[in-house]
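Quick notes on the structure that follows.
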Protein chains: 2
Amino acid sequence: MSSQFGNKIRTLREEQNLLLRQVASILEMDTAQLSKIERGERHAKKETVLKIAVILKVNDDELLTLWLADQIYDVVKDERNAIKAMLVAEEKFEYLKIHKQK
Amino acid sequence: MSSQFGNKIRTLREEQNLLLRQVASILEMDTAQLSKIERGERHAKKETVLKIAVILKVNDDELLTLWLADQIYDVVKDERNAIKAMLVAEEKFEYLKIHKQK
DNA sequence: ATTATATTTGCCAAATAATGTCAAGTCAAA
DNA sequence: TTTGACTTGACATTATTTGGCAAATATAAT
């Protein structure tokens with residue numbers, strides 16, 4: 001369980017002495033929901049990540065990177081070929097970035 | 001569209017002069033389904049990947065790696081932080097592999 | 001200890017996404 | 001123009017994710 005994104009935003013929130021329900025209310029989301037997100041039991045939407053970055057006054061990219069990394073990790077976590085597959089995916093990504101096409 | 005896994009198995013199948021419907025029938029799956037998998041329009045189940053490896057007489061890992069890479073790519077394809085996130089995910093994977101815990 | 005507040009948990013219904021199946025479509029070769 | 005291989009699109013079915021609520025637990029204050 002336990003996600004890097006969740007850990008990060010929980011730490012930030014606590015550092016700023018904000019309550020779950022305060023942040024949840026700004027996000028117009030159930031407190032329980034946010035609690036689950038912080039503990040990695042649920043995924044946040046990208047939109048939510050962006051809003052949280054504003055609320056906690058941090059850079060988008062830092063949070064988005066952790067959030068994405070969690071999703072990738074979920075996909076590969078039980079796979080023997082995880083590392084190789086990530087390298088292949090990186091290559092494909094880099095390749096397509098250069099030859100910009102879908 | 002177009003997946004590395006799909007391209008690979010289509011190539012292998014054609015090299016061996018097998019018809020979609022022949023392979024599909026061994027897999028007990030609709031021909032249309034397999035067609036979509038080969039063209040990357042649908043995902044194969046892991047179980048299906050393994051069966052295909054047997055049918056096409058190739059190594060599991062080769063196909064599983066491509067199949068996984070496709071899934072990773074789907075997650076990151078439109079993300080600015082894709083590369084960074086993959087690195088973070090790799091580190092987490094390596095880290096947990098060493099400190100074997102969930 | 002009792003109350004008050006914060007967070008977590010479990011459950012279920014609603015929403016969303018993935019899959020399977022079929023019929024009709026295209027395309028190329030005979 | 002008929003046949004066989006493959007593709008496409010639509011739809012029903014199934015599976016997974018989400019949101020929301022109420023009850024349970026913790027944590028803190030009085």
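Chains: A, B, ... in order of the structure tokens. Residues: from 1 per chain. Ligands: from 1, in order shown.
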Using only C-alpha atoms (C1' of nucleotides) and a cut-off of 12 Å, which residues of chain D sit close to chain A? Please list them as JSON, numbers by chain. {"D": [17, 18, 19, 20, 21, 22]}
Any idea which chain A residues end up within 10 Å of chain C if we count only C-alpha atoms (C1' of nucleotides), as a short mmCIF file (atom, residue, chain, number, x, y, z; two decimals) with N, CA, C and O atoms, in the first residue's frame please?
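So the final result, stored in part37.cif, reads:
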```cif
data_model
loop_
_atom_site.label_atom_id
_atom_site.label_comp_id
_atom_site.auth_asym_id
_atom_site.auth_seq_id
_atom_site.Cartn_x
_atom_site.Cartn_y
_atom_site.Cartn_z
N LEU A 19 -6.00 20.53 8.51
CA LEU A 19 -6.73 19.30 8.81
C LEU A 19 -7.22 18.66 7.52
O LEU A 19 -7.47 19.35 6.53
N LEU A 20 -7.36 17.35 7.58
CA LEU A 20 -7.93 16.62 6.44
C LEU A 20 -9.21 17.29 5.98
O LEU A 20 -9.40 17.53 4.79
N ARG A 21 -10.08 17.55 6.93
CA ARG A 21 -11.39 18.09 6.53
C ARG A 21 -11.30 19.49 5.93
O ARG A 21 -12.13 19.86 5.12
N THR A 31 -14.00 13.74 3.31
CA THR A 31 -12.79 13.62 4.13
C THR A 31 -12.23 12.20 4.06
O THR A 31 -11.01 12.00 3.94
N ALA A 32 -13.10 11.24 4.12
CA ALA A 32 -12.68 9.84 4.09
C ALA A 32 -11.92 9.54 2.80
O ALA A 32 -10.93 8.80 2.80
N SER A 35 -8.49 10.98 2.98
CA SER A 35 -7.72 10.13 3.89
C SER A 35 -7.19 8.91 3.15
O SER A 35 -6.02 8.53 3.28
N LYS A 36 -8.06 8.31 2.36
CA LYS A 36 -7.65 7.13 1.60
C LYS A 36 -6.57 7.47 0.57
O LYS A 36 -5.64 6.71 0.35
#
```
What residues in chain B lie within 6 Å of chain A, counting only C-alpha atoms, written as a PyMOL selection string? chain B and resi 65+68-69+73+81+85+88-89
Please produce an output containing N, CA and C atoms for each residue in the selection, written as a tab-separated table (two decimals), in the first residue's frame.
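Now in result18.tsv:
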```tsv
chain	number	residue	atom	x	y	z
B	65	THR	N	7.50	-8.85	-21.41
B	65	THR	CA	8.16	-7.55	-21.29
B	65	THR	C	7.51	-6.52	-22.20
B	68	LEU	N	4.04	-5.65	-20.86
B	68	LEU	CA	4.12	-4.75	-19.71
B	68	LEU	C	4.51	-3.34	-20.15
B	69	ALA	N	5.48	-3.29	-21.04
B	69	ALA	CA	5.94	-1.98	-21.52
B	69	ALA	C	4.78	-1.21	-22.15
B	73	TYR	N	3.50	2.37	-20.97
B	73	TYR	CA	3.42	3.46	-21.93
B	73	TYR	C	2.04	4.11	-21.92
B	81	ASN	N	5.84	14.57	-17.25
B	81	ASN	CA	6.81	14.06	-16.29
B	81	ASN	C	7.09	12.57	-16.45
B	85	ALA	N	9.05	10.21	-13.81
B	85	ALA	CA	8.20	9.30	-13.05
B	85	ALA	C	8.66	7.85	-13.21
B	88	VAL	N	11.57	7.35	-10.97
B	88	VAL	CA	11.14	7.23	-9.58
B	88	VAL	C	10.55	5.85	-9.32
B	89	ALA	N	9.75	5.38	-10.25
B	89	ALA	CA	9.13	4.06	-10.09
B	89	ALA	C	10.19	2.97	-10.08
```
Distance in Å - atom CA of Arg13 of chain A versus atom CA of Gly40 of chain A: 15.2 Å
Can you list, as a list in words, every protein, DNA or RNA residue that comes within 10 Å of Lys57 of chain B when you count only C-alpha atoms (C1' of nucleotides), leaving out same-chain residues fewer than 6 positions away? Leu12, Gln16 and Lys51 of chain B
Keeping only all heavy atoms, write those residues as a short mmCIF file (atom, residue, chain, number, x, y, z; two decimals), in the first residue's frame.
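Saved file result-v4.cif follows:
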```cif
data_model
loop_
_atom_site.label_atom_id
_atom_site.label_comp_id
_atom_site.auth_asym_id
_atom_site.auth_seq_id
_atom_site.Cartn_x
_atom_site.Cartn_y
_atom_site.Cartn_z
N LEU B 12 5.21 -12.58 -35.64
CA LEU B 12 5.50 -14.00 -35.38
C LEU B 12 4.46 -14.91 -36.04
O LEU B 12 4.77 -15.91 -36.67
CB LEU B 12 5.54 -14.28 -33.88
CG LEU B 12 6.76 -13.75 -33.12
CD1 LEU B 12 6.51 -13.83 -31.61
CD2 LEU B 12 8.00 -14.54 -33.50
N GLN B 16 4.92 -17.58 -39.26
CA GLN B 16 4.62 -19.00 -39.14
C GLN B 16 3.39 -19.39 -39.94
O GLN B 16 2.85 -20.50 -39.78
CB GLN B 16 4.47 -19.36 -37.65
CG GLN B 16 5.77 -19.09 -36.89
CD GLN B 16 5.66 -19.33 -35.39
OE1 GLN B 16 4.95 -20.23 -34.94
NE2 GLN B 16 6.37 -18.53 -34.61
N LYS B 51 -0.20 -18.04 -23.05
CA LYS B 51 -0.67 -19.03 -24.03
C LYS B 51 -0.12 -18.73 -25.42
O LYS B 51 0.26 -19.63 -26.16
CB LYS B 51 -2.20 -19.03 -24.08
CG LYS B 51 -2.87 -19.71 -22.91
CD LYS B 51 -4.38 -19.78 -23.17
CE LYS B 51 -5.16 -20.19 -21.93
NZ LYS B 51 -6.62 -19.97 -22.11
#
```
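If you look at atom CA of Val49 of chain B and atom CA of Leu34 of chain B, they are 11.2 Å away from each other.
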Alpha helix (DSSP H) positions in chain B, given as a ChimeraX atom specification: /B:4-15,20-26,31-38,46-55,60-76,82-98
